[in-house]
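Student: The structure under discussion is supplied below as structure tokens; questions concerning it will follow.
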Amino acid sequence: MSAATTPARTGAGAAKPGGAGRTALRALQIVLLPILLIGLWWAASIASGVYYLPTPGEIAATFVEVWGSQRLADDVLPSVGRLFGGFALGTVGGVGLGIVLGLSSRIRAVLEPVLEFFRAIPPPVLVPLLMLFVGVNTTMKLAVIVSGCIWPILLNTIEGVRAVDPVLIDTCRCYGIRGRRWLTTLVLRSASPQIMAGMRQGLSIAIILMVISEMFASSSGLGYTIIQFQRTFAIPEMWSGILLLGLLGFLLSVLFGFAERKVLKWYNGVRAAARGE
Amino acid sequence: MTTDAAKAGTARPPAHPSGAGGRPRVAGRPPNRALLGLAGVVGFLLLWEAVPRLGLVPARFLPPVSEVLATLGTRLVLPEFWTAVGDTVVTWGIGLGIAFAAAGVLGFVIGSVPVLRAFTSSTVEFLRPIPSVALIPLAILLYGTDMASTLLLVVYAAFWQIYIQVLYGVADIDPVAEQTARSYGLGRLARLRYVAWPSALPYILTGLRLGAAVALILTITGQLIIGTPGLGQQIAIAKNSNATALVYALIIATGALGVAVNVGVRALERRALRWHASVRGEEIV
């Protein structure tokens with residue numbers, strides 16, 4: 001962002017500080033508060049000396065030590081793999097079902113109350129249930145993730161499909177566009193902003209469920225490892241796990257933002273044009 | 001919101017009898033949404049009853065719905081059940097209340113001062129996507145199986161949902177309205193009351209709606225994983241004692257709670273925004 005705005009701003013206002021100054025200000029805006037907070041934490045942990053509040057330095061050192069080695073391959077990557085697998089299945093299921101329901105008002109009318117109820121069930125309660133059903137294995141963890149992240153995707157897809165511009169529907173009919181092409185160029189594309197919004201919600205639910213399914217019932221994985229550290233009072237290790245989960249959430253959100261901008265490039269362009277930019 | 005729009009849309013044909021009969025025109029549309037919905041519910045219940053009875057799924061995994069509902073019925077008269085429901089609702093309410101108050105105040109202050117906003121945004125963008133369940137070990141360490149443990153998760157998760165919406169809301173204030181108010185001599189407080197608040201209200205309520213749903217999820221999660229008292233804890237206990245029908249019954253109870261929360265917040269939203277175009281529009285159409 002700063003790279004894009006800097007040249008334009010400096011060109012417009014001569015009174016403003018130069019390009020380097022603005023970049024420096026922007027950098028300061030980004031790092032100042034985090035540095036302050038970490039410093040505060042450091043001071044607090046030294047001053048208080050409580051065992052459950054290690055200094056950020058300790059946490060960072062432990063982080064490299066704990067997660068840099070074998071554990072990355074044994075616990076972290078399988079967890080992330082299940083997360084992606086469950087999220088992908090949930091997306092396919094949610095979008096597929098959403099298209100069917102969005103296109104047929106009759107099926108929608110029949111299923112709406114049932115879906116409304118299922119959506120209202122907090123997804124974590126399905127963990128004990130699916131444990132009964134499929135036992136403690138990868139299928140259960142995948143099923144938990146799918147059963148949680150499918151709802152926002154499904155409901156948003158239904159809304160998106162319902163809101164397809166009627167003029168475009170008629171246009172497609174006139175030009176004889178139907179079948180697969182009709183689905184991809186008209187329905188999916190029109191609904192894609194809503195679908196992406198649903199997927200974003202679904203992704204954050206999927207992360208939560210990945211962690212919970214491992215915390216509640218598992219002998220491996222990221223969630224299990226972190227809760228195990230807590231139980232054995234391995235405090236710096238536990239904090240490093242929290243940090244890792246935080247980084248994972250942050251990274252996934254950045255990646256998703258990137259994908260979203262790419263997929264919705266046409267849409268953002270249309271909106272910018274509508275605003276007269 | 002959407003379901004009401006849909007209901008309003010389908011309620012129209014009978015209200016506008018076009019021509020003498022009016023029926024042939026609407027023949028292609030579903031006759032009655034409520035009836036179809038009821039059929040869906042009944043069909044679902046019958047399916048649930050039939051699948052274990054026919055042995056498609058062993059009844060120890062999926063008890064027939066009649067058994068589950070009977071279990072739920074016996075639970076409904078027990079005081080422990082209502083204590084658990086009460087604990088869940090109290091945890092949810094306190095957590096959402098704290099998150100709402102904190103996010104509202106911070107969102108308004110930081111959102112209306114551009115310098116603050118610029119300096120906090122990187123921190124917010126980093127903290128917001130952190131899954132709140134990452135805090136579970138910390139919560140156990142700090143508060144054990146006390147309600148405060150679950151509250152920590154609930155507040156953290158709900159706070160960001162509301163905070164971000166408040167920021168959007170404050171940013172969306174119409175500069176012309178703001179300048180008009182200023183030139184009419186409205187003071188800072190009056191502008192806050194008559195310009196900023198109504199402009200941001202739709203966003204705040206959206207935040208509240210999202211936050212309420214997330215807060216309930218985290219309340220149940222905390223009770224399930226940490227074991228703080230409430231419905232989630234009851235589910236964990238029932239599961240450990242292999243009372244499958246009870247697990248299902250309690251899940252239905254949490255679902256009913258979820259529906260109540262959704263319906264309640266939507267009703268609040270419609271009431272608080274009855275002056276707003278999005279709500280007025282629904283009533284006219």
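By order of appearance in the structure tokens: chains A, B, ..., then residues from 1 within every chain, and ligands from 1 in the order shown.
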Residues at most 7 Å from stretch 206-212 of chain A, counting only C-alpha atoms, excluding those fewer than 5 positions away in the same chain, as a CSV table (one decimal) with N, CA, C and O atoms, in the first residue's frame?

Tutor:
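Done, and the output landed in result35.csv:
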```csv
chain,number,residue,atom,x,y,z
A,83,LEU,N,-6.6,-29.2,8.0
A,83,LEU,CA,-7.3,-27.9,7.9
A,83,LEU,C,-7.7,-27.6,6.4
A,83,LEU,O,-8.8,-27.3,6.1
A,87,PHE,N,-11.4,-27.7,4.8
A,87,PHE,CA,-11.9,-26.5,4.2
A,87,PHE,C,-12.2,-26.7,2.8
A,87,PHE,O,-13.2,-26.2,2.3
A,124,PRO,N,-18.5,-26.8,17.6
A,124,PRO,CA,-17.7,-27.6,18.5
A,124,PRO,C,-18.5,-28.8,19.2
A,124,PRO,O,-17.8,-29.8,19.5
A,141,LYS,N,-11.7,-35.8,12.3
A,141,LYS,CA,-11.2,-34.5,12.4
A,141,LYS,C,-11.6,-33.7,11.1
A,141,LYS,O,-12.0,-32.6,11.1
A,144,VAL,N,-15.3,-33.0,11.4
A,144,VAL,CA,-15.6,-31.9,12.3
A,144,VAL,C,-15.4,-30.5,11.5
A,144,VAL,O,-16.2,-29.6,11.6
A,145,ILE,N,-14.3,-30.5,10.8
A,145,ILE,CA,-13.9,-29.2,10.1
A,145,ILE,C,-15.0,-28.9,9.1
A,145,ILE,O,-15.5,-27.8,9.0
A,148,GLY,N,-18.4,-27.8,10.4
A,148,GLY,CA,-18.4,-26.4,10.9
A,148,GLY,C,-18.3,-25.3,9.8
A,148,GLY,O,-19.0,-24.4,9.8
A,149,CYS,N,-17.4,-25.5,8.8
A,149,CYS,CA,-17.1,-24.4,7.9
A,149,CYS,C,-18.1,-24.4,6.7
A,149,CYS,O,-18.1,-23.5,6.0
A,222,LEU,N,-1.3,-30.2,16.3
A,222,LEU,CA,-0.9,-28.9,16.9
A,222,LEU,C,-1.7,-28.7,18.2
A,222,LEU,O,-1.1,-28.3,19.3
A,223,GLY,N,-3.0,-28.8,18.2
A,223,GLY,CA,-3.9,-28.6,19.4
A,223,GLY,C,-3.5,-29.5,20.5
A,223,GLY,O,-3.3,-29.0,21.7
B,131,PRO,N,-6.7,-17.4,16.2
B,131,PRO,CA,-7.9,-18.1,16.7
B,131,PRO,C,-8.0,-18.1,18.2
B,131,PRO,O,-7.0,-18.4,18.9
B,133,VAL,N,-9.2,-20.0,20.3
B,133,VAL,CA,-9.0,-21.3,21.0
B,133,VAL,C,-7.5,-21.4,21.3
B,133,VAL,O,-7.1,-22.2,22.2
```

Student: Near chain B, which residues of chain A fall within 7 Å when you count only C-alpha atoms, and what do they look like as a ChimeraX atom specification?

Tutor: /A:29-30,33-34,106,109-114,117-118,120-122,124-125,128,132-133,207-208,216,227,230,242,245-246,249-250,253

Student: Export, as a PDB file, in the first residue's frame, the selected residues with C-alpha atoms.

Tutor:
```pdb
ATOM      1  CA  GLN A  29       3.132   3.403  12.133  1.00  0.00           C
ATOM      2  CA  ILE A  30       3.492  -0.305  11.516  1.00  0.00           C
ATOM      3  CA  LEU A  33       2.845  -0.150  18.773  1.00  0.00           C
ATOM      4  CA  PRO A  34       4.050  -3.763  18.479  1.00  0.00           C
ATOM      5  CA  ARG A 106     -39.066 -25.021  -3.739  1.00  0.00           C
ATOM      6  CA  ALA A 109     -38.517 -23.653   1.161  1.00  0.00           C
ATOM      7  CA  VAL A 110     -38.463 -27.294   2.237  1.00  0.00           C
ATOM      8  CA  LEU A 111     -34.971 -27.266   3.716  1.00  0.00           C
ATOM      9  CA  GLU A 112     -34.801 -23.752   5.139  1.00  0.00           C
ATOM     10  CA  PRO A 113     -36.035 -24.437   8.716  1.00  0.00           C
ATOM     11  CA  VAL A 114     -33.861 -27.530   9.052  1.00  0.00           C
ATOM     12  CA  PHE A 117     -31.452 -25.068  12.977  1.00  0.00           C
ATOM     13  CA  PHE A 118     -28.278 -26.835  11.914  1.00  0.00           C
ATOM     14  CA  ALA A 120     -27.448 -22.424  14.869  1.00  0.00           C
ATOM     15  CA  ILE A 121     -25.778 -25.442  16.510  1.00  0.00           C
ATOM     16  CA  PRO A 122     -22.347 -24.347  17.711  1.00  0.00           C
ATOM     17  CA  PRO A 124     -17.696 -27.636  18.480  1.00  0.00           C
ATOM     18  CA  VAL A 125     -20.487 -29.738  20.039  1.00  0.00           C
ATOM     19  CA  PRO A 128     -17.947 -35.537  20.806  1.00  0.00           C
ATOM     20  CA  LEU A 132     -18.823 -41.585  18.715  1.00  0.00           C
ATOM     21  CA  PHE A 133     -19.634 -41.994  15.068  1.00  0.00           C
ATOM     22  CA  ILE A 207      -9.004 -23.167  12.160  1.00  0.00           C
ATOM     23  CA  ILE A 208     -10.914 -23.164  15.449  1.00  0.00           C
ATOM     24  CA  PHE A 216     -10.484 -32.768  22.722  1.00  0.00           C
ATOM     25  CA  ILE A 227      -2.614 -28.611  25.519  1.00  0.00           C
ATOM     26  CA  GLN A 230      -0.007 -26.727  29.370  1.00  0.00           C
ATOM     27  CA  ILE A 242       0.044 -20.021  21.148  1.00  0.00           C
ATOM     28  CA  LEU A 245      -1.299 -20.725  16.219  1.00  0.00           C
ATOM     29  CA  GLY A 246      -1.431 -16.941  16.045  1.00  0.00           C
ATOM     30  CA  GLY A 249      -4.101 -17.647  11.689  1.00  0.00           C
ATOM     31  CA  PHE A 250      -2.408 -14.478  10.515  1.00  0.00           C
ATOM     32  CA  SER A 253      -5.730 -14.626   6.599  1.00  0.00           C
TER      33      SER A 253
END
```

Student: Report as a ChimeraX atom specification all protein, DNA and RNA residues lying within 8 Å of A:Leu130, evaluated on only C-alpha atoms, omitting residues in the same chain fewer than 3 positions from it.

Tutor: /A:126-127,133-135,140,143-144

Student: Selection from above, N, CA and C atoms, as a PDB file, in the first residue's frame, can you write it?

Tutor:
```pdb
ATOM      1  N   LEU A 126     -20.202 -30.826  17.879  1.00  0.00           N
ATOM      2  CA  LEU A 126     -20.202 -31.993  17.007  1.00  0.00           C
ATOM      3  C   LEU A 126     -18.963 -32.853  17.215  1.00  0.00           C
ATOM      4  N   VAL A 127     -17.951 -32.296  17.910  1.00  0.00           N
ATOM      5  CA  VAL A 127     -16.730 -33.075  18.127  1.00  0.00           C
ATOM      6  C   VAL A 127     -17.017 -34.355  18.911  1.00  0.00           C
ATOM      7  N   PHE A 133     -19.276 -41.471  16.384  1.00  0.00           N
ATOM      8  CA  PHE A 133     -19.634 -41.994  15.068  1.00  0.00           C
ATOM      9  C   PHE A 133     -18.473 -42.653  14.356  1.00  0.00           C
ATOM     10  N   VAL A 134     -17.400 -41.919  14.204  1.00  0.00           N
ATOM     11  CA  VAL A 134     -16.309 -42.410  13.371  1.00  0.00           C
ATOM     12  C   VAL A 134     -15.049 -42.724  14.160  1.00  0.00           C
ATOM     13  N   GLY A 135     -15.102 -42.542  15.496  1.00  0.00           N
ATOM     14  CA  GLY A 135     -13.910 -42.805  16.274  1.00  0.00           C
ATOM     15  C   GLY A 135     -12.919 -41.663  16.158  1.00  0.00           C
ATOM     16  N   MET A 140     -12.643 -38.325  11.400  1.00  0.00           N
ATOM     17  CA  MET A 140     -13.398 -37.553  12.377  1.00  0.00           C
ATOM     18  C   MET A 140     -12.974 -36.096  12.346  1.00  0.00           C
ATOM     19  N   ALA A 143     -14.256 -34.487   9.295  1.00  0.00           N
ATOM     20  CA  ALA A 143     -15.705 -34.319   9.366  1.00  0.00           C
ATOM     21  C   ALA A 143     -16.075 -33.134  10.261  1.00  0.00           C
ATOM     22  N   VAL A 144     -15.348 -32.982  11.376  1.00  0.00           N
ATOM     23  CA  VAL A 144     -15.615 -31.859  12.264  1.00  0.00           C
ATOM     24  C   VAL A 144     -15.389 -30.535  11.538  1.00  0.00           C
TER      25      VAL A 144
END
```

Student: When you count only C-alpha atoms, which of these residues is closest to A:Thr225: A:Leu264, A:Leu72, A:Ala61, A:Ile169?

Tutor: A:Leu72

Student: Take atom CA of B:Gln165 and atom CA of B:Gly207 and report the distance between them in Å, one decimal.

Tutor: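 Between atom CA of B:Gln165 and atom CA of B:Gly207 the gap is 5.3 Å.
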
Student: One decimal, in Å: what's the spacing between atom CA of A:Phe233 and atom CA of A:Ser220?

Tutor: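 Computing the Euclidean distance for atom CA of A:Phe233 and atom CA of A:Ser220 yields 18.0 Å.
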
Student: Kindly give the distance, in Å, that separates atom CA of B:Thr88 and atom CA of B:Glu269, rounded to a single decimal.

Tutor: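 For atom CA of B:Thr88 relative to atom CA of B:Glu269, the distance reads 22.8 Å.
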
Student: Quick one: pick out all alpha helix (DSSP H) residues within stretch 109-205 of chain B from a backbone DSSP run and write them as a PyMOL selection string.

Tutor: chain B and resi 109-112+114-127+136-143+147-171+175-183+188-191+197-205

Student: Just checking: using only C-alpha atoms, which residue out of A:Arg108, A:Arg231, A:Arg275, A:Arg189 ends up closest to A:Val263?

Tutor: A:Arg189

Student: Might you pull out every residue within 10 Å of A:Trp42, with only C-alpha atoms counted and same-chain residues fewer than 4 positions away left off, and present them as a list of chain:residue names?

Tutor: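 Near A:Trp42, the qualifying residues are A:Leu36, A:Leu37, A:Ile38, A:Ile46, A:Ala47, A:Leu53, A:Pro54, A:Thr55, A:Pro56, A:Gly57, A:Glu58.
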
Student: Just write the chosen residues, all heavy atoms, as an mmCIF file, in the first residue's frame.

Tutor:
```
data_model
loop_
_atom_site.group_PDB
_atom_site.id
_atom_site.type_symbol
_atom_site.label_atom_id
_atom_site.label_comp_id
_atom_site.auth_asym_id
_atom_site.auth_seq_id
_atom_site.Cartn_x
_atom_site.Cartn_y
_atom_site.Cartn_z
ATOM 1 N N LEU A 36 6.268 -1.286 21.337
ATOM 2 C CA LEU A 36 5.863 -0.824 22.668
ATOM 3 C C LEU A 36 5.264 -1.971 23.478
ATOM 4 O O LEU A 36 5.614 -2.169 24.641
ATOM 5 C CB LEU A 36 4.843 0.303 22.541
ATOM 6 C CG LEU A 36 5.401 1.707 22.333
ATOM 7 C CD1 LEU A 36 4.268 2.706 22.215
ATOM 8 C CD2 LEU A 36 6.316 2.073 23.502
ATOM 9 N N LEU A 37 4.362 -2.722 22.832
ATOM 10 C CA LEU A 37 3.665 -3.792 23.546
ATOM 11 C C LEU A 37 4.636 -4.881 23.987
ATOM 12 O O LEU A 37 4.582 -5.364 25.122
ATOM 13 C CB LEU A 37 2.567 -4.391 22.659
ATOM 14 C CG LEU A 37 1.348 -3.507 22.450
ATOM 15 C CD1 LEU A 37 0.378 -4.150 21.476
ATOM 16 C CD2 LEU A 37 0.645 -3.235 23.769
ATOM 17 N N ILE A 38 5.553 -5.249 23.060
ATOM 18 C CA ILE A 38 6.523 -6.289 23.416
ATOM 19 C C ILE A 38 7.418 -5.801 24.544
ATOM 20 O O ILE A 38 7.703 -6.525 25.508
ATOM 21 C CB ILE A 38 7.353 -6.701 22.171
ATOM 22 C CG1 ILE A 38 6.443 -7.401 21.153
ATOM 23 C CG2 ILE A 38 8.499 -7.615 22.563
ATOM 24 C CD1 ILE A 38 7.097 -7.724 19.845
ATOM 25 N N ILE A 46 9.610 -9.380 33.632
ATOM 26 C CA ILE A 46 10.785 -9.309 34.506
ATOM 27 C C ILE A 46 10.380 -8.790 35.888
ATOM 28 O O ILE A 46 10.778 -9.337 36.926
ATOM 29 C CB ILE A 46 11.868 -8.399 33.888
ATOM 30 C CG1 ILE A 46 12.486 -9.105 32.665
ATOM 31 C CG2 ILE A 46 12.957 -8.083 34.909
ATOM 32 C CD1 ILE A 46 13.436 -8.245 31.896
ATOM 33 N N ALA A 47 9.526 -7.745 35.862
ATOM 34 C CA ALA A 47 9.147 -7.116 37.127
ATOM 35 C C ALA A 47 8.343 -8.065 38.004
ATOM 36 O O ALA A 47 8.554 -8.150 39.209
ATOM 37 C CB ALA A 47 8.356 -5.840 36.850
ATOM 38 N N LEU A 53 4.498 -16.190 32.953
ATOM 39 C CA LEU A 53 4.691 -15.073 32.025
ATOM 40 C C LEU A 53 6.166 -14.950 31.658
ATOM 41 O O LEU A 53 6.877 -14.116 32.198
ATOM 42 C CB LEU A 53 4.196 -13.772 32.665
ATOM 43 C CG LEU A 53 3.979 -12.601 31.725
ATOM 44 C CD1 LEU A 53 2.845 -12.882 30.765
ATOM 45 C CD2 LEU A 53 3.670 -11.340 32.513
ATOM 46 N N PRO A 54 6.638 -15.816 30.751
ATOM 47 C CA PRO A 54 8.039 -15.722 30.354
ATOM 48 C C PRO A 54 8.275 -14.484 29.489
ATOM 49 O O PRO A 54 7.332 -13.920 28.938
ATOM 50 C CB PRO A 54 8.274 -17.004 29.555
ATOM 51 C CG PRO A 54 6.923 -17.429 29.096
ATOM 52 C CD PRO A 54 5.917 -16.869 30.045
ATOM 53 N N THR A 55 9.524 -14.065 29.385
ATOM 54 C CA THR A 55 9.818 -12.893 28.545
ATOM 55 C C THR A 55 9.689 -13.276 27.074
ATOM 56 O O THR A 55 9.840 -14.447 26.711
ATOM 57 C CB THR A 55 11.253 -12.394 28.784
ATOM 58 O OG1 THR A 55 12.150 -13.448 28.410
ATOM 59 C CG2 THR A 55 11.484 -11.996 30.224
ATOM 60 N N PRO A 56 9.408 -12.285 26.222
ATOM 61 C CA PRO A 56 9.315 -12.570 24.780
ATOM 62 C C PRO A 56 10.587 -13.210 24.240
ATOM 63 O O PRO A 56 10.521 -14.048 23.339
ATOM 64 C CB PRO A 56 9.095 -11.187 24.161
ATOM 65 C CG PRO A 56 8.478 -10.373 25.244
ATOM 66 C CD PRO A 56 9.053 -10.887 26.521
ATOM 67 N N GLY A 57 11.736 -12.851 24.820
ATOM 68 C CA GLY A 57 13.000 -13.454 24.376
ATOM 69 C C GLY A 57 13.003 -14.951 24.602
ATOM 70 O O GLY A 57 13.339 -15.733 23.713
ATOM 71 N N GLU A 58 12.565 -15.346 25.792
ATOM 72 C CA GLU A 58 12.497 -16.783 26.110
ATOM 73 C C GLU A 58 11.567 -17.506 25.140
ATOM 74 O O GLU A 58 11.869 -18.589 24.656
ATOM 75 C CB GLU A 58 11.934 -16.970 27.520
ATOM 76 C CG GLU A 58 12.960 -17.047 28.626
ATOM 77 C CD GLU A 58 12.269 -17.170 29.965
ATOM 78 O OE1 GLU A 58 11.862 -18.290 30.294
ATOM 79 O OE2 GLU A 58 12.090 -16.144 30.656
#
```

Student: Return the single residue from A:Val146, A:Leu77, A:Leu168, A:Leu188 that is closest to A:Ile205, with distances computed using only C-alpha atoms.

Tutor: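 Ranking A:Val146, A:Leu77, A:Leu168, A:Leu188 by distance to A:Ile205, first place goes to A:Val146.
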
Student: If we count only C-alpha atoms and set the cut-off at 7 Å, which residues sit around stretch 153-165 of chain A, ignoring sequence neighbours fewer than 6 positions away in its own chain? Please answer as a list in words.

Tutor: Thr91, Gly94, Val95, Leu97, Gly98, Ile99, Leu101, Gly102, Leu103, Val187, Ser190, Ala191, Gln194, Ile195, Gly198, Met199 and Gly202 of chain A

Student: For stretch 90-103 of chain B, find every residue with an atom within 12 Å (counting only C-alpha atoms), except residues of its own chain fewer than 5 positions away, and show them as a PyMOL selection string.

Tutor: chain B and resi 82-85+108-111+146-167+204-223+228-232+257-258+261
